[in-house]
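Q: Got a structure here, written out as structure tokens. Questions coming.
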Amino acid sequence: MELRSSHLSQSTIPPLHPPTAAKMPDHNSKPAFDVLVVGCGLAGLASALALAQAGHRVTVFERSEKLQELGAGIQLAPNATRLLARWGVLPEIMKSAERPDSSACRSYKGDLIAPCLPLHDPALVTAEAPYVVAHRAYLLRALESGIRQDLSGSVEVKLSSVVQSIDFERTEIQLSDGAVYKGDFILASDGARSKSRAQFLDFVGNSDAPQTFSTGDVVYRLAVPTEAVLAVGSSHPAYGLATTMSVNMWMGPGSQAVLYPMQRDMLNVVLTHHEAEDHKPMVGPQKASIEEFRRKIEGWDHVLQSLTELEGVVCTKWTLFQIVEQERWTLESGHGRFALIGDAAHAILPCLAQGAAQSFEDAGALGGIFDHPISHDQVPDALRVFEQCRRPRASQVRSRALAQDTMIGLPDGQAQEDRDAMLRAGGDYGTWKWLWDHDAAEAGRRAWKTFVTSQNDEQGLLETGKGSELSVHVAEVLSDSHTPPVW
């Protein structure tokens, strides 16, 4: 498997060791479904792993010739690592990941404001659900290694498989080479620019609905070799950041920068900058000059500026896109054997470091639901319960990310001063608690049990002629009842 990134070469990736095996439940008493997954990114692989561990057979279709995860660093909050631990792949990830021991939030001029993350709160961050930073390539590889565990060949990944069309009536996928695959249900995890979503919207008669839009933000990623800082020595302004495992954030007008070490050999610097309205969107990472990065942080903390003067620094950039929230992720019950997941359903801004976590939450909820003895006829109900369980929370995370983006990018002034005072007082703790405490797998299990109970109650009342006395609003029961505080 080839794993490309902006910094790690193929030769630096060590051989895999089998992760700690997840405890496999007894599935002899329930049906095993054939699941077709479009897209082999984090959402696709995580869902395949969760469903296989729940006793189902999964085929994943990936258009690329080789598995690959572009990019560099990623932050994984406890709501993500809790699921990775449950699937048995967290030990493999921790062989290359790091646990930050501190965090700091600064103004763009370098003034320390407050810790930016409650990393030492034992109620939120534990050994079983840590906060870690990792390389995306290693994360994808750990998921793939989990799939290679003894799951009786439950997962098959088909590379170079371009999905030409989806037959929603027959629950079939046709590839560009003419091959047709039939399943019990289909999951579309082919990213923010999902072609499966376009076919879904066309099928439900909403083909004119907008799907993606540029936020006007451009992300610049700077990969700084740690050895370049160490070669200068303790006199270098960034020496302290290069020799400690910490997450650091700078907040500036219309911009934010995040820095943390990776594998002890690279400083990962990510700058999100709001561009002018005439900015031409870029699809995918592109090379950027160091000088361009310097212009974006002119007048910022000299620590950040000093990193651009080192040897071996590589800069890339890309435009942030968001998807338009769709009214549904699944089909009506008559054709309800299809669901959007991952970025195809809810791509969000990276401000809360929740993009991958929300994809993992989708996988966790699916695994929790389909761990139950569900009949073939109940599959549409199960997918509808998945949507009712996940969509309200994903929508709230999206809203909080937008609010966070606005808050971080405040210009100098009274609102900025009020923000800084709020952060110093720990006023953002409620948001982190709401995000990190969530157990998506357990939420999925509760959601299905709630649905089954409501159906049984309704059937009992119908049999006694009292059906009109029951009005069950499953979506209200299944979604999170607590919303994060508004700052």
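A note on labels: chains of the structure tokens are A, B, ... as shown, every chain counts residues from 1, and ligands are counted from 1 in their shown order.
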Might you pull out every residue within 12 Å of A:Lys433, with only C-alpha atoms counted and same-chain residues fewer than 4 positions away left off, and present them as a ChimeraX atom specification?

A: /A:77-79,117-119,121-125,426-429,437-439,482-485

Q: For stretch 189-197 of chain A, list every protein, DNA or RNA residue within 6 Å, evaluated using only C-alpha atoms, and leave out those in the same chain fewer than 6 positions away; present the list as JSON, numbers by chain.

A: {"A": [38, 39, 44, 341, 342, 343, 344, 347]}

Q: Please, could you write that set of residues out with C-alpha atoms as an mmCIF file, in the first residue's frame?

A:
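Writing done, so here's again_16.cif:
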```cif
data_model
loop_
_atom_site.group_PDB
_atom_site.id
_atom_site.type_symbol
_atom_site.label_atom_id
_atom_site.label_comp_id
_atom_site.auth_asym_id
_atom_site.auth_seq_id
_atom_site.Cartn_x
_atom_site.Cartn_y
_atom_site.Cartn_z
ATOM 1 C CA VAL A 38 -18.057 3.814 -2.102
ATOM 2 C CA GLY A 39 -14.744 5.447 -1.177
ATOM 3 C CA GLY A 44 -15.027 4.275 4.371
ATOM 4 C CA ILE A 341 -21.495 9.195 5.477
ATOM 5 C CA GLY A 342 -18.298 11.089 6.261
ATOM 6 C CA ASP A 343 -17.454 14.224 4.323
ATOM 7 C CA ALA A 344 -20.024 13.266 1.671
ATOM 8 C CA ALA A 347 -17.771 18.087 5.545
#
```

Q: Can you work out the spacing between atom CA of A:Gln286 and atom CA of A:Cys40 in Å, to one decimal?

A: 22.1 Å

Q: Apply DSSP to the backbone of this structure and, from stretch 25-229 of chain A, keep only the residues in helix (DSSP H, G or I); write these as an MDAnalysis selection string.

A: chainID A and resid 42:53 78:86 90:94 136:147 195:203 226:229

Q: Stretch 402-407 of chain A: which residues within 9 Å, counting only C-alpha atoms, same-chain residues fewer than 5 positions away excluded, as a PyMOL selection string?

A: chain A and resi 254-256+348-352+397+415-416+419+486-487

Q: Would you mind exporting the chosen residues as a short mmCIF file (atom, residue, chain, number, x, y, z; two decimals), in the first residue's frame, restricted to N, CA and C atoms?

A:
```cif
data_model
loop_
_atom_site.label_atom_id
_atom_site.label_comp_id
_atom_site.auth_asym_id
_atom_site.auth_seq_id
_atom_site.Cartn_x
_atom_site.Cartn_y
_atom_site.Cartn_z
N GLY A 254 -9.10 37.43 10.71
CA GLY A 254 -9.40 36.62 9.55
C GLY A 254 -8.50 35.43 9.36
N SER A 255 -7.72 35.07 10.38
CA SER A 255 -6.74 34.00 10.24
C SER A 255 -6.53 33.27 11.55
N GLN A 256 -6.01 32.06 11.44
CA GLN A 256 -5.53 31.33 12.62
C GLN A 256 -4.40 30.41 12.18
N ILE A 348 -16.90 19.67 7.21
CA ILE A 348 -16.94 20.86 8.04
C ILE A 348 -15.59 21.56 8.04
N LEU A 349 -15.58 22.78 8.55
CA LEU A 349 -14.34 23.51 8.70
C LEU A 349 -13.46 22.83 9.77
N PRO A 350 -12.14 22.98 9.67
CA PRO A 350 -11.24 22.27 10.58
C PRO A 350 -11.04 22.96 11.92
N CYS A 351 -11.79 24.00 12.22
CA CYS A 351 -11.51 24.83 13.40
C CYS A 351 -11.57 24.06 14.72
N LEU A 352 -12.39 23.04 14.81
CA LEU A 352 -12.53 22.27 16.04
C LEU A 352 -11.77 20.95 15.98
N VAL A 397 -22.13 20.27 15.25
CA VAL A 397 -20.67 20.40 15.15
C VAL A 397 -20.32 21.38 14.04
N ALA A 415 -14.62 43.27 20.78
CA ALA A 415 -15.07 41.87 20.67
C ALA A 415 -13.90 40.91 20.87
N GLN A 416 -12.76 41.26 20.33
CA GLN A 416 -11.56 40.43 20.50
C GLN A 416 -11.13 40.40 21.96
N ARG A 419 -13.44 38.14 23.80
CA ARG A 419 -13.11 36.76 23.50
C ARG A 419 -11.93 36.28 24.34
N VAL A 486 -23.45 28.68 23.88
CA VAL A 486 -23.13 29.72 22.90
C VAL A 486 -22.22 30.73 23.58
N TRP A 487 -21.11 31.01 22.95
CA TRP A 487 -20.15 31.95 23.54
C TRP A 487 -20.64 33.37 23.36
#
```

Q: Just asking: which residues within stretch 138-269 of chain A are strand (DSSP E) according to DSSP, as a compact mmCIF listing (two decimals) with C-alpha atoms, in the first residue's frame?

A:
```
# COMPACT_ATOMS: atom_id res chain seq x y z
CA VAL A 155 -13.76 -6.90 4.15
CA GLU A 156 -12.60 -6.68 0.55
CA VAL A 157 -11.09 -3.48 -0.83
CA LYS A 158 -11.33 -3.18 -4.61
CA VAL A 163 -18.29 3.60 -9.56
CA GLN A 164 -20.14 4.60 -12.70
CA SER A 165 -23.69 4.46 -11.37
CA ILE A 166 -25.82 3.45 -8.41
CA ASP A 167 -29.14 1.66 -8.87
CA GLU A 172 -26.59 -2.22 -6.99
CA ILE A 173 -23.35 -0.53 -8.00
CA GLN A 174 -22.04 -0.59 -11.55
CA LEU A 175 -18.37 0.06 -12.16
CA VAL A 180 -22.20 -4.98 -11.22
CA TYR A 181 -22.29 -5.60 -7.45
CA LYS A 182 -25.43 -6.07 -5.39
CA PHE A 185 -27.27 -1.55 1.55
CA ILE A 186 -24.85 1.06 0.16
CA LEU A 187 -22.77 3.66 2.02
CA ALA A 188 -21.40 6.64 0.08
CA THR A 212 -20.39 22.45 -2.31
CA PHE A 213 -19.16 26.01 -1.95
CA SER A 214 -15.88 27.70 -1.17
CA THR A 215 -15.67 29.29 2.26
CA GLY A 216 -13.17 31.85 0.96
CA ASP A 217 -10.56 30.36 3.29
CA VAL A 218 -7.23 29.02 2.06
CA VAL A 219 -5.17 26.61 4.13
CA TYR A 220 -1.39 26.86 4.04
CA ARG A 221 0.57 23.95 5.47
CA LEU A 222 4.21 24.39 6.40
CA ALA A 223 6.28 21.25 7.03
CA VAL A 224 9.33 22.30 9.05
CA PRO A 225 12.11 19.73 9.76
CA SER A 246 2.47 20.87 22.69
CA VAL A 247 -0.39 22.18 20.59
CA ASN A 248 -0.14 25.92 19.88
CA MET A 249 -2.63 28.29 18.31
CA TRP A 250 -2.31 31.90 17.15
CA MET A 251 -5.46 33.95 16.52
CA GLY A 252 -5.40 36.88 14.11
CA SER A 255 -6.74 34.00 10.24
CA GLN A 256 -5.53 31.33 12.62
CA ALA A 257 -2.38 29.24 12.83
CA VAL A 258 -1.90 25.90 14.59
CA LEU A 259 1.48 24.27 15.28
CA TYR A 260 2.42 20.92 16.80
CA PRO A 261 5.33 18.46 16.42
CA MET A 262 4.91 15.14 14.62
CA MET A 266 8.65 17.70 11.93
CA LEU A 267 6.77 20.78 13.03
CA ASN A 268 3.35 20.80 11.40
CA VAL A 269 2.16 24.39 10.88
```

Q: Record the distance separating atom CA of A:Ser454 and atom CA of A:Pro373, expressed in Å with one decimal.

A: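 So the answer is 16.5 Å.
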
Q: For a test of reading the model, state the distance in Å between atom CA of A:Arg82 and atom CA of A:Ala129, rounded to one decimal.

A: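 Atom-to-atom, atom CA of A:Arg82 and atom CA of A:Ala129 are spaced 4.6 Å apart.
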